[in-house]
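Source file data.txt; content: compact mmCIF, C-alpha atoms.
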# COMPACT_ATOMS: atom_id res chain seq x y z
CA MET L 1 10.60 -51.26 4.61
CA PRO L 2 12.68 -54.36 5.44
CA ILE L 3 9.90 -56.24 7.27
CA VAL L 4 9.04 -59.54 5.62
CA VAL L 5 5.67 -61.22 6.10
CA ASN L 6 6.14 -64.99 6.35
CA LEU L 7 2.43 -65.71 6.15
CA ASP L 8 2.85 -68.21 3.29
CA VAL L 9 5.35 -70.21 5.38
CA MET L 10 2.97 -70.41 8.34
CA LEU L 11 0.02 -71.27 6.06
CA ALA L 12 2.06 -74.11 4.54
CA LYS L 13 3.03 -75.35 8.01
CA ARG L 14 -0.62 -75.35 9.10
CA LYS L 15 -1.72 -76.75 5.71
CA MET L 16 -4.24 -73.96 5.32
CA SER L 17 -5.12 -71.88 2.28
CA LEU L 18 -5.29 -68.07 2.19
CA THR L 19 -9.02 -68.22 1.48
CA GLN L 20 -9.63 -70.35 4.57
CA LEU L 21 -7.61 -67.99 6.72
CA SER L 22 -9.42 -64.94 5.36
CA GLU L 23 -12.81 -66.55 6.00
CA LYS L 24 -11.85 -67.55 9.56
CA ALA L 25 -10.31 -64.17 10.37
CA GLY L 26 -13.10 -62.16 8.74
CA ILE L 27 -10.65 -60.26 6.53
CA THR L 28 -11.25 -59.83 2.82
CA ILE L 29 -9.15 -62.03 0.51
CA SER L 30 -7.77 -58.92 -1.25
CA ASN L 31 -6.48 -57.51 2.05
CA MET L 32 -5.02 -60.87 2.93
CA SER L 33 -3.26 -60.97 -0.47
CA ILE L 34 -1.79 -57.49 0.17
CA LEU L 35 -0.43 -58.79 3.49
CA LYS L 36 0.92 -62.01 2.00
CA SER L 37 2.60 -60.31 -0.98
CA GLY L 38 4.38 -57.82 1.30
CA LYS L 39 2.65 -54.78 -0.20
CA ALA L 40 0.99 -53.85 3.12
CA LYS L 41 2.23 -50.63 4.76
CA ALA L 42 0.83 -51.46 8.21
CA ILE L 43 -0.98 -54.18 10.16
CA ARG L 44 -3.49 -53.64 12.93
CA PHE L 45 -2.89 -55.41 16.27
CA SER L 46 -6.42 -56.86 16.03
CA THR L 47 -5.60 -58.41 12.60
CA LEU L 48 -2.30 -59.77 13.94
CA GLU L 49 -4.03 -61.21 17.00
CA GLU L 50 -6.68 -62.89 14.80
CA ILE L 51 -4.08 -64.46 12.47
CA CYS L 52 -1.89 -65.63 15.39
CA THR L 53 -4.91 -67.22 17.10
CA ILE L 54 -6.00 -69.07 13.95
CA LEU L 55 -2.47 -70.18 12.96
CA GLU L 56 -1.49 -70.87 16.61
CA CYS L 57 1.74 -68.94 16.32
CA GLN L 58 3.57 -65.88 17.64
CA PRO L 59 3.75 -62.50 15.82
CA GLY L 60 7.47 -63.20 15.34
CA ASP L 61 6.58 -66.30 13.31
CA ILE L 62 4.75 -64.14 10.78
CA LEU L 63 6.85 -60.96 10.77
CA GLU L 64 10.62 -60.91 10.30
CA HIS L 65 13.02 -57.95 10.21
CA MET L 66 15.77 -58.07 7.56
CA ASP L 67 18.70 -55.83 6.72
CA GLU L 68 18.22 -53.59 3.66
CA GLY L 69 20.50 -55.64 1.36
CA SER L 70 18.90 -59.01 2.10
CA PHE L 71 15.45 -57.46 1.79
CA LEU L 72 16.22 -55.97 -1.65
CA ARG L 73 17.68 -59.28 -2.84
CA LEU L 74 14.55 -61.07 -1.67
CA MET L 75 12.30 -58.58 -3.41
CA LYS L 76 14.21 -58.97 -6.68
CA ARG L 77 13.62 -62.69 -6.71
CA MET O 1 14.58 -19.25 16.43
CA LYS O 2 12.84 -22.64 16.73
CA ARG O 3 9.98 -21.02 18.61
CA PHE O 4 9.24 -18.69 15.66
CA GLY O 5 10.02 -21.14 12.86
CA THR O 6 12.80 -20.53 10.33
CA ILE O 7 10.57 -20.86 7.27
CA ALA O 8 7.99 -18.48 8.75
CA ILE O 9 10.73 -15.89 9.34
CA ILE O 10 12.13 -16.27 5.79
CA VAL O 11 8.64 -15.93 4.31
CA THR O 12 7.97 -12.85 6.47
CA ILE O 13 11.22 -11.25 5.30
CA LEU O 14 10.38 -12.04 1.67
CA ILE O 15 6.87 -10.60 1.90
CA ALA O 16 8.09 -7.55 3.82
CA SER O 17 10.74 -6.88 1.17
CA TYR O 18 8.12 -7.33 -1.55
CA PHE O 19 5.86 -4.69 -0.03
CA GLY O 20 8.86 -2.54 0.74
CA LEU O 21 9.80 -2.52 -2.93
CA LEU O 22 6.21 -2.03 -3.97
CA PHE O 23 5.52 1.02 -1.85
CA THR O 24 8.86 2.74 -1.97
CA SER O 25 9.91 3.58 -5.47
CA ILE O 26 13.56 2.69 -5.12
CA SER O 27 15.32 3.21 -8.40
CA PHE O 28 18.40 1.06 -8.37
CA GLY O 29 21.15 1.98 -10.75
CA VAL O 30 20.12 5.58 -11.26
CA SER O 31 23.02 7.69 -10.14
CA HIS O 32 22.68 11.22 -8.91
CA ASN O 33 25.63 13.53 -9.24
CA THR O 34 25.79 16.73 -7.30
CA GLY O 35 27.14 19.95 -8.64
CA THR O 36 26.27 22.80 -10.94
CA ILE O 37 25.16 22.03 -14.48
CA THR O 38 25.26 24.70 -17.13
CA THR O 39 22.25 24.02 -19.36
CA PRO O 40 22.81 24.97 -22.99
CA SER O 41 19.49 26.83 -23.30
CA ASN O 42 18.55 27.75 -26.86
CA ASP O 43 21.50 25.79 -28.21
CA SER O 44 20.00 24.37 -31.41
CA SER O 45 22.60 21.58 -31.51
CA PHE O 46 20.62 19.92 -28.68
CA GLY O 47 17.46 19.95 -30.81
CA ASN O 48 15.87 22.59 -28.57
CA LEU O 49 15.92 20.19 -25.64
CA PHE O 50 16.70 23.09 -23.32
CA PHE O 51 14.52 25.63 -25.14
CA SER O 52 13.75 28.74 -23.16
CA SER O 53 11.32 31.48 -24.23
CA ASN O 54 13.23 34.47 -22.78
CA ILE O 55 10.10 36.63 -22.73
CA PRO O 56 10.79 40.06 -21.18
CA ASP O 57 9.09 40.48 -17.81
CA SER O 58 8.16 44.05 -18.70
CA LEU O 59 5.67 42.76 -21.27
CA PRO O 60 1.97 43.14 -20.28
CA TYR O 61 0.48 39.87 -18.98
CA ALA O 62 -1.92 39.34 -21.91
CA LYS O 63 0.92 39.60 -24.43
CA TYR O 64 3.29 37.58 -22.24
CA LYS O 65 0.70 34.80 -22.10
CA ILE O 66 0.18 34.72 -25.87
CA ILE O 67 3.91 34.20 -26.48
CA ALA O 68 4.25 31.78 -23.54
CA ASP O 69 1.33 29.66 -24.81
CA ILE O 70 2.84 29.37 -28.29
CA HIS O 71 6.23 28.43 -26.87
CA ASN O 72 4.73 26.00 -24.33
CA ALA O 73 2.93 24.22 -27.17
CA PHE O 74 6.29 23.90 -28.91
CA ILE O 75 8.03 22.61 -25.75
CA GLN O 76 5.23 20.14 -25.01
CA LYS O 77 5.29 18.79 -28.55
CA LYS O 78 9.07 18.43 -28.38
CA GLU O 79 8.77 16.57 -25.07
CA GLN O 80 6.10 14.30 -26.51
CA ILE O 81 8.23 13.45 -29.55
CA ASN O 82 11.27 12.85 -27.36
CA ASN O 83 9.62 10.94 -24.52
CA SER O 84 6.33 9.39 -25.48
CA PRO O 85 5.96 8.94 -29.22
CA GLY O 86 2.37 7.98 -29.86
CA LEU O 87 3.17 4.73 -31.58
CA SER O 88 0.72 1.91 -31.87
CA GLY O 89 1.76 -1.65 -31.34
CA TRP O 90 1.63 -4.65 -29.11
CA GLY O 91 3.88 -7.00 -27.25
CA PHE O 92 4.43 -9.06 -24.14
CA PHE O 93 7.17 -9.81 -21.62
CA ASN O 94 8.44 -6.24 -22.07
CA MET O 95 9.07 -6.82 -25.76
CA GLY O 96 7.01 -5.78 -28.69
CA LEU O 97 6.56 -4.16 -32.05
CA ARG O 98 5.69 -0.52 -32.44
CA SER O 99 4.86 1.42 -35.55
CA GLY O 100 3.37 4.74 -36.50
CA ILE O 101 4.07 8.12 -37.96
CA ALA O 102 7.43 8.91 -36.48
CA GLU O 103 7.61 12.56 -35.65
CA THR O 104 11.31 12.87 -36.00
CA ASN O 105 11.94 15.06 -39.00
CA ASN O 106 12.53 18.63 -39.96
CA TYR O 107 11.08 20.40 -37.01
CA ASP O 108 13.87 20.82 -34.57
CA ASN O 109 13.81 24.57 -34.39
CA LEU O 110 11.06 27.02 -33.69
CA PRO O 111 10.37 28.93 -36.94
CA ALA O 112 11.74 32.46 -36.88
CA SER O 113 8.22 33.85 -37.22
CA PHE O 114 7.46 32.43 -33.74
CA SER O 115 10.54 33.76 -31.98
CA THR O 116 9.94 36.02 -28.97
CA GLU O 117 11.21 39.10 -30.85
CA ASN O 118 9.03 38.41 -33.88
CA LEU O 119 5.93 37.81 -31.79
CA ILE O 120 6.52 41.01 -29.79
CA GLU O 121 6.79 42.89 -33.09
CA ARG O 122 3.55 41.35 -34.36
CA LEU O 123 1.74 42.19 -31.12
CA ALA O 124 2.97 45.79 -31.33
CA LEU O 125 1.83 45.94 -34.95
CA LYS O 126 -1.56 44.61 -33.92
CA ASP O 127 -1.83 47.39 -31.30
CA SER O 128 -0.93 50.02 -33.89
CA LEU O 129 -3.46 48.61 -36.34
CA ASN O 130 -6.17 48.59 -33.65
CA ASN O 131 -5.35 52.25 -32.87
CA LEU O 132 -5.63 53.12 -36.55
CA ILE O 133 -8.98 51.33 -36.73
CA THR O 134 -10.39 53.46 -33.89
CA GLU O 135 -9.14 56.66 -35.57
CA GLU O 136 -10.07 55.78 -39.17
CA LYS O 137 -13.50 56.66 -40.56
CA ASN O 138 -13.23 55.25 -44.05
CA LYS O 139 -15.04 51.93 -44.00
CA GLU O 140 -12.94 50.41 -46.77
CA LYS O 141 -9.70 51.26 -44.98
CA ILE O 142 -11.11 49.93 -41.70
CA SER O 143 -11.98 46.69 -43.45
CA ASN O 144 -8.43 46.38 -44.82
CA LEU O 145 -6.92 47.12 -41.41
CA LYS O 146 -9.18 44.51 -39.78
CA LYS O 147 -8.04 41.95 -42.31
CA GLN O 148 -4.44 42.65 -41.32
CA VAL O 149 -5.35 42.26 -37.60
CA ASP O 150 -7.11 38.95 -38.37
CA SER O 151 -4.01 37.73 -40.20
CA ILE O 152 -1.85 38.53 -37.14
CA ASP O 153 -4.42 36.85 -34.83
CA GLU O 154 -4.37 33.76 -36.99
CA HIS O 155 -0.61 33.56 -36.64
CA LEU O 156 -0.80 34.12 -32.88
CA HIS O 157 -3.26 31.27 -32.42
CA PHE O 158 -1.40 28.87 -34.62
CA ASN O 159 0.37 25.85 -33.18
CA PRO O 160 3.88 26.11 -34.64
CA PHE O 161 4.01 22.35 -34.97
CA ASP O 162 1.12 22.25 -37.41
CA LEU O 163 3.46 23.78 -39.95
CA ALA O 164 5.46 20.60 -40.10
CA LEU O 165 2.54 18.23 -40.64
CA GLU O 166 3.38 17.47 -44.25
CA GLN O 167 6.97 16.79 -43.34
CA ARG O 168 6.12 14.23 -40.65
CA SER O 169 4.25 11.63 -42.61
CA LYS O 170 6.91 8.92 -42.65
CA ASN O 171 5.84 5.61 -41.14
CA GLU O 172 8.48 4.10 -38.87
CA ASN O 173 8.74 0.61 -37.44
CA TYR O 174 10.44 -0.30 -34.20
CA PHE O 175 11.23 -3.32 -32.10
CA SER O 176 10.60 -2.28 -28.52
CA ILE O 177 12.22 -3.68 -25.42
CA GLY O 178 11.60 -2.59 -21.85
CA LYS O 179 11.73 -1.66 -19.16
CA TYR O 180 14.80 0.49 -19.05
CA ASN O 181 15.76 3.62 -17.20
CA LEU O 182 18.46 6.06 -18.14
CA LYS O 183 21.39 5.31 -15.87
CA ASP O 184 22.19 8.91 -15.03
CA TYR O 185 19.53 11.20 -13.69
CA GLU O 186 20.83 14.12 -15.79
CA THR O 187 21.00 12.23 -19.10
CA LYS O 188 18.23 13.12 -21.53
CA PHE O 189 17.15 11.62 -24.81
CA PHE O 190 16.33 13.85 -27.77
CA ILE O 191 15.71 13.70 -31.50
CA LYS O 192 17.40 16.08 -33.88
CA ASN O 193 17.10 16.02 -37.67
CA GLY O 194 15.70 12.51 -37.40
CA THR O 195 18.76 11.27 -35.49
CA TYR O 196 18.66 9.84 -31.99
CA ASN O 197 20.86 11.44 -29.37
CA LEU O 198 21.61 11.51 -25.69
CA ALA O 199 22.44 14.73 -23.88
CA LYS O 200 24.92 13.61 -21.24
CA VAL O 201 26.73 15.53 -18.56
CA LYS O 202 30.49 15.58 -18.30
CA TRP O 203 31.55 16.42 -14.77
CA GLN O 204 34.66 18.44 -14.03
CA GLN O 205 36.19 19.64 -10.81
CA ASN O 206 35.61 23.31 -10.13
CA LYS O 207 39.08 24.87 -9.77
CA ASN O 208 37.74 27.75 -7.63
CA ASN O 209 35.63 25.53 -5.39
CA PRO O 210 36.97 21.94 -5.08
CA ASN O 211 33.80 20.85 -3.22
CA ASN O 212 31.57 21.73 -6.16
CA LYS O 213 31.62 19.96 -9.51
CA ILE O 214 30.72 21.62 -12.78
CA GLY O 215 28.68 19.68 -15.30
CA LYS O 216 28.54 20.41 -19.00
CA TYR O 217 26.16 18.79 -21.45
CA TYR O 218 27.51 17.04 -24.53
CA ILE O 219 25.84 15.03 -27.30
CA GLU O 220 26.24 11.32 -27.93
CA LYS O 221 24.59 9.83 -31.00
CA ILE O 222 22.80 6.51 -30.55
CA ASN O 223 21.08 4.31 -33.12
CA PHE O 224 17.82 3.68 -31.29
CA ARG O 225 14.96 5.70 -29.90
CA TYR O 226 14.00 5.87 -26.22
CA SER O 227 10.59 6.48 -24.71
CA SER O 228 11.00 7.60 -21.11
CA THR O 229 7.22 7.42 -20.55
CA ASN O 230 7.01 3.75 -21.46
CA LYS O 231 10.60 3.05 -20.40
CA GLU O 232 11.14 1.40 -23.75
CA ILE O 233 14.05 1.21 -26.11
CA LEU O 234 12.81 1.43 -29.68
CA LYS O 235 15.13 -0.14 -32.19
CA PRO O 236 14.31 0.98 -35.75
CA ILE O 237 13.65 -1.95 -38.08
CA SER O 238 12.73 -2.25 -41.73
CA ALA O 239 9.15 -2.93 -42.87
CA THR O 240 10.17 -6.46 -43.96
CA THR O 241 11.76 -7.26 -40.58
CA PHE O 242 8.68 -5.79 -38.88
CA LYS O 243 6.38 -8.09 -40.88
CA PHE O 244 8.58 -11.12 -40.20
CA LEU O 245 8.78 -10.38 -36.46
CA GLU O 246 5.05 -9.69 -36.37
CA ILE O 247 4.27 -13.14 -37.82
CA LEU O 248 6.79 -14.72 -35.44
CA LEU O 249 5.30 -12.91 -32.44
CA ILE O 250 1.74 -13.80 -33.48
CA ILE O 251 2.70 -17.50 -33.64
CA PHE O 252 4.46 -17.23 -30.29
CA LEU O 253 1.56 -15.31 -28.76
CA VAL O 254 -0.98 -17.87 -29.96
CA ILE O 255 1.10 -20.75 -28.54
CA ALA O 256 1.72 -18.85 -25.27
CA SER O 257 -1.98 -17.97 -24.95
CA ILE O 258 -3.09 -21.56 -25.54
CA ALA O 259 -0.47 -22.80 -23.06
CA THR O 260 -1.53 -20.19 -20.48
CA ILE O 261 -5.22 -21.09 -20.84
CA TYR O 262 -4.39 -24.80 -20.64
CA PHE O 263 -2.16 -24.50 -17.56
CA TYR O 264 -4.07 -21.82 -15.62
CA VAL O 265 -7.67 -22.63 -16.58
CA GLY O 266 -7.93 -26.11 -18.13
CA ILE O 267 -5.76 -28.04 -15.67
CA PRO O 268 -7.16 -26.40 -12.47
CA ILE O 269 -10.70 -27.22 -13.67
CA GLN O 270 -9.60 -30.80 -14.39
CA ILE O 271 -8.14 -31.05 -10.86
CA LEU O 272 -11.38 -29.69 -9.35
CA VAL O 273 -13.41 -32.22 -11.35
CA ASN O 274 -11.11 -35.04 -10.15
CA ILE O 275 -11.51 -33.86 -6.55
CA SER O 276 -15.29 -33.70 -6.88
CA ARG O 277 -15.20 -37.32 -8.13
CA GLY O 278 -13.44 -38.26 -4.89
CA ASP O 279 -10.10 -38.68 -6.59
CA ALA O 280 -8.26 -35.92 -4.77
CA PHE O 281 -4.84 -37.25 -3.81
CA SER O 282 -4.06 -39.07 -7.00
CA ILE O 283 -0.84 -39.23 -8.96
CA ILE O 284 -2.65 -37.54 -11.89
CA ASN O 285 -3.47 -34.47 -9.81
CA ILE O 286 0.09 -34.33 -8.47
CA ASN O 287 1.41 -34.50 -12.03
CA TYR O 288 -0.99 -31.72 -13.07
CA LEU O 289 0.25 -29.52 -10.22
CA ASN O 290 3.80 -30.36 -11.21
CA ALA O 291 3.07 -29.27 -14.78
CA ILE O 292 1.58 -25.93 -13.61
CA THR O 293 4.63 -25.33 -11.40
CA LYS O 294 7.04 -26.10 -14.24
CA PHE O 295 5.13 -23.83 -16.62
CA THR O 296 5.17 -20.99 -14.06
CA VAL O 297 8.91 -21.47 -13.50
CA ALA O 298 9.49 -21.33 -17.27
CA LEU O 299 7.29 -18.23 -17.53
CA THR O 300 9.15 -16.54 -14.67
CA LEU O 301 12.56 -17.31 -16.12
CA PHE O 302 11.44 -16.16 -19.55
CA SER O 303 9.93 -12.85 -18.42
CA PHE O 304 12.78 -12.10 -16.01
CA ILE O 305 15.79 -13.39 -17.88
CA VAL O 306 14.95 -12.62 -21.52
CA PRO O 307 15.01 -8.80 -21.26
CA ARG O 308 18.28 -9.07 -19.35
CA LEU O 309 19.73 -11.54 -21.85
CA LEU O 310 18.73 -9.25 -24.70
CA LYS O 311 20.33 -6.40 -22.84
CA PHE O 312 23.64 -8.20 -22.54
CA ILE O 313 23.71 -10.14 -25.79
CA LEU O 314 21.72 -8.40 -28.48
CA ILE O 315 21.82 -4.73 -27.66
CA LYS O 316 25.22 -4.12 -26.14
CA GLU O 317 25.30 -0.53 -27.33
CA PHE O 318 22.93 0.77 -24.68
CA TYR O 319 24.56 -1.06 -21.81
CA ASN O 320 26.51 2.02 -20.71
CA ASP O 321 23.60 4.44 -20.63
CA PHE O 322 20.59 2.37 -19.68
CA THR O 323 19.72 0.12 -16.82
CA VAL O 324 16.93 -2.39 -16.32
CA SER O 325 14.09 -0.85 -14.39
CA ASN O 326 14.76 -2.97 -11.32
CA PRO O 327 11.83 -2.24 -9.02
CA ASP O 328 9.39 -3.30 -11.76
CA GLY O 329 11.43 -6.38 -12.57
CA ILE O 330 11.93 -7.45 -8.96
CA VAL O 331 8.28 -6.89 -8.00
CA ASP O 332 7.13 -8.96 -11.00
CA PHE O 333 9.72 -11.61 -10.19
CA LEU O 334 8.65 -11.77 -6.53
CA LYS O 335 5.00 -12.14 -7.56
CA PHE O 336 5.93 -15.16 -9.63
CA ILE O 337 8.15 -16.56 -6.87
CA PHE O 338 5.30 -16.38 -4.35
CA PHE O 339 3.03 -18.09 -6.83
CA ILE O 340 5.62 -20.85 -7.42
CA VAL O 341 6.11 -21.30 -3.65
CA ALA O 342 2.32 -21.60 -3.20
CA LEU O 343 2.15 -24.16 -6.01
CA ILE O 344 5.00 -26.20 -4.51
CA LEU O 345 3.28 -26.15 -1.10
CA ILE O 346 -0.02 -27.34 -2.61
CA ARG O 347 1.83 -30.08 -4.52
CA LYS O 348 3.63 -31.16 -1.32
CA ALA O 349 0.28 -31.30 0.48
CA PHE O 350 -1.14 -33.48 -2.31
CA ILE O 351 1.89 -35.83 -2.16
CA LYS O 352 1.50 -36.10 1.62
CA GLY O 353 -2.22 -36.72 1.18
CA LYS O 354 -1.57 -39.39 -1.43
CA ASN O 355 0.95 -41.16 0.87
CA LEU O 356 -1.46 -41.06 3.81
CA GLN O 357 -4.28 -42.34 1.64
CA GLN O 358 -2.07 -45.13 0.27
CA GLU O 359 -0.92 -46.04 3.78
CA ASN O 360 -4.50 -46.14 4.94
CA GLU O 361 -5.53 -48.28 1.97
CA LEU O 362 -2.65 -50.70 2.54
CA THR O 363 -3.29 -51.14 6.26
CA VAL O 364 -4.66 -54.63 6.87
In structure tokens, how does this file's structure come out?
Amino acid sequence: MPIVVNLDVMLAKRKMSLTQLSEKAGITISNMSILKSGKAKAIRFSTLEEICTILECQPGDILEHMDEGSFLRLMKR
Amino acid sequence: MKRFGTIAIIVTILIASYFGLLFTSISFGVSHNTGTITTPSNDSSFGNLFFSSNIPDSLPYAKYKIIADIHNAFIQKKEQINNSPGLSGWGFFNMGLRSGIAETNNYDNLPASFSTENLIERLALKDSLNNLITEEKNKEKISNLKKQVDSIDEHLHFNPFDLALEQRSKNENYFSIGKYNLKDYETKFFIKNGTYNLAKVKWQQNKNNPNNKIGKYYIEKINFRYSSTNKEILKPISATTFKFLEILLIIFLVIASIATIYFYVGIPIQILVNISRGDAFSIININYLNAITKFTVALTLFSFIVPRLLKFILIKEFYNDFTVSNPDGIVDFLKFIFFIVALILIRKAFIKGKNLQQENELTV
């Protein structure tokens, strides 16, 4: 699925760790890791809303659609 | 078409054809010729295959029955030897090993002492002796006459085949392969002087009546036995080959039995245990189902293809006269196909379940 989660970029911009975000959002660290590593198959609107509120960003800042080729190249890296 | 569902229609057709084949005994490949066949009755060259008693109708019923019973015992024994030799043995997938006392030798013809003429003579003699007994007053003479009557009675109640007991003690070994039908309805298998033969019909146009064909039986020697009761071809083999094949089959049977128990009992129990532990849609269960499906496919191909392969490769000589008993084969094949389809569907359901479970687990 060529949807990339740019959570690490936003966390770096906001100078926040994944643990802090998970604590603030009330989501387990393991689930947050799944989301960050791109292994997640789906994301609930409520989770997205929570993350966007905490990181003060838009859903588009976290999620990005890529073409298949670019996505595969990114995954190989 | 969409309203009914293509797959549902295909499955319906398949099941309907399965039951159609099951309940109607269609015999593919068996040809029926029409015409008049002249049966060579009492022609000893056909090993008494077409034996006929020819008992005169004028004979009193009691006497007629005595002769008919003796001759019927002979005919029945002949039929048994020709069609269902009582051989012991075992096998699987329509192949096997058979052995036993092969009743093939030295008793092709009814002994002259049991011919209709001879029996009529004996019965007449018995009547005369009985008349003499009623007239005679000398006890010693009566006793002698009674002894003669007893001797005739003994002969009349004797199964002609018992005479040949000593001559039929040879143990024969066969490799059996089934299930085969004789291609032509009129063709018959028979044993004569220990040789295996087919009585086949040669059809000719009737010069007087072009619409009617005339059939005449002729003999064709073959080098294997045929049991029409078991639909088996029995290829004679030596005792050494029999032993070797027996060991080979035992090894194969043991392996096949262990594999069958593992795939049809062990693995399903393992899957049930996994499910009860809450590990239903796992990759392990899917792999187990995959293994059962593959084993069933292999089993189907083996049981369906091997007899046909043997037919075409190993035993070419009976290709012209015999045909695979198709209804049996197809019904067995369809049973396996339905089982494979069911297994594939269950496996698909498990894969779908696993994907849904994974998706659910990876939803944040």
Task: Gap from atom CA of Lys294 of chain O to atom CA of Ile267 of chain O - Å, one decimal - done: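 Pair atom CA of Lys294 of chain O / atom CA of Ile267 of chain O returns 13.0 Å.
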For the contact check between chain O and chain L, emit one row per residue of chain O within 7 Å, containing the shortest atom pair and the distance in Å rounded to one decimal, counting only C-alpha atoms, chain then rising number order, as a Markdown table.
| residue | atom | partner | partner_atom | distance |
| --- | --- | --- | --- | --- |
| O:Glu359 | CA | L:Lys41 | CA | 5.7 |
| O:Leu362 | CA | L:Ala40 | CA | 4.8 |
| O:Thr363 | CA | L:Ala42 | CA | 4.6 |
| O:Val364 | CA | L:Ile43 | CA | 5.0 |
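In this structure, atom CA of Thr240 of chain O sits 11.5 Å away from atom CA of Tyr174 of chain O.
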- [ ] Have a look at atom CA of Ser17 of chain L and atom CA of Glu64 of chain L and let me know their distance in Å, one decimal.
- [x]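 Here the two named atoms are 20.8 Å from each other.
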TODO: Compare L:Lys13, L:Ser22, L:Met75, L:Gly38 by their minimum atom-to-atom distance to Leu63 of chain L, counting all atoms listed in the file, and give me the closest one.
DONE: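 Closest candidate: L:Gly38.
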If we draw a sphere of 8 Å around (2.8, -61.1, 6.2), which residues have at least one atom in it when counting only C-alpha atoms? Please report them as an mmCIF file with C-alpha atoms, in the frame of the given file.
data_model
loop_
_atom_site.group_PDB
_atom_site.id
_atom_site.type_symbol
_atom_site.label_atom_id
_atom_site.label_comp_id
_atom_site.auth_asym_id
_atom_site.auth_seq_id
_atom_site.Cartn_x
_atom_site.Cartn_y
_atom_site.Cartn_z
ATOM 1 C CA VAL L 4 9.040 -59.540 5.620
ATOM 2 C CA VAL L 5 5.670 -61.220 6.100
ATOM 3 C CA ASN L 6 6.140 -64.990 6.350
ATOM 4 C CA LEU L 7 2.430 -65.710 6.150
ATOM 5 C CA ASP L 8 2.850 -68.210 3.290
ATOM 6 C CA LEU L 35 -0.430 -58.790 3.490
ATOM 7 C CA LYS L 36 0.920 -62.010 2.000
ATOM 8 C CA SER L 37 2.600 -60.310 -0.980
ATOM 9 C CA GLY L 38 4.380 -57.820 1.300
ATOM 10 C CA ILE L 62 4.750 -64.140 10.780
ATOM 11 C CA LEU L 63 6.850 -60.960 10.770
#
TODO: Please work out which residues fall within 12 Å of (-2.3, 34.8, -27.3), coordinates as given in the file, with all atoms listed in the file counting, and return them as an MDAnalysis selection string.
DONE: chainID O and resid 60:73 114 119:120 122:123 126 152:159
Open item on the list: Could you list, as an MDAnalysis selection string, every residue within 10 Å of Ser88 of chain O, counting all atoms listed in the file and ignoring same-chain residues fewer than 3 positions away?
Closed with: chainID O and resid 85 97:101 173
Open item on the list: Can you tell me which residues surround Glu68 of chain L at a distance of at most 12 Å, considering only C-alpha atoms, apart from same-chain residues fewer than 3 positions away, and format the answer as a PyMOL selection string?
Closed with: chain L and resi 1-4+65+71-75
Those selected residues, please, written with C-alpha atoms and delivered as a PDB file, in the coordinates of the input.
ATOM      1  CA  MET L   1      10.600 -51.260   4.610  1.00  0.00           C
ATOM      2  CA  PRO L   2      12.680 -54.360   5.440  1.00  0.00           C
ATOM      3  CA  ILE L   3       9.900 -56.240   7.270  1.00  0.00           C
ATOM      4  CA  VAL L   4       9.040 -59.540   5.620  1.00  0.00           C
ATOM      5  CA  HIS L  65      13.020 -57.950  10.210  1.00  0.00           C
ATOM      6  CA  PHE L  71      15.450 -57.460   1.790  1.00  0.00           C
ATOM      7  CA  LEU L  72      16.220 -55.970  -1.650  1.00  0.00           C
ATOM      8  CA  ARG L  73      17.680 -59.280  -2.840  1.00  0.00           C
ATOM      9  CA  LEU L  74      14.550 -61.070  -1.670  1.00  0.00           C
ATOM     10  CA  MET L  75      12.300 -58.580  -3.410  1.00  0.00           C
TER      11      MET L  75
END
TODO: Tell me which protein, DNA and RNA residues are within 7 Å of segment 194-208 of chain O, counting only C-alpha atoms, leaving out same-chain ones fewer than 6 positions away, and put them as JSON, numbers by chain.
DONE: {"O": [104, 105, 186, 187, 188, 214, 215, 216, 217, 218, 219, 220, 221, 222, 223, 224, 225]}
- [ ] Check the smallest atom-to-atom distance from each of O:Phe322, O:Ser227, O:Gln270, O:Phe244 to Tyr185 of chain O using only C-alpha atoms, then report the winner.
- [x] O:Phe322
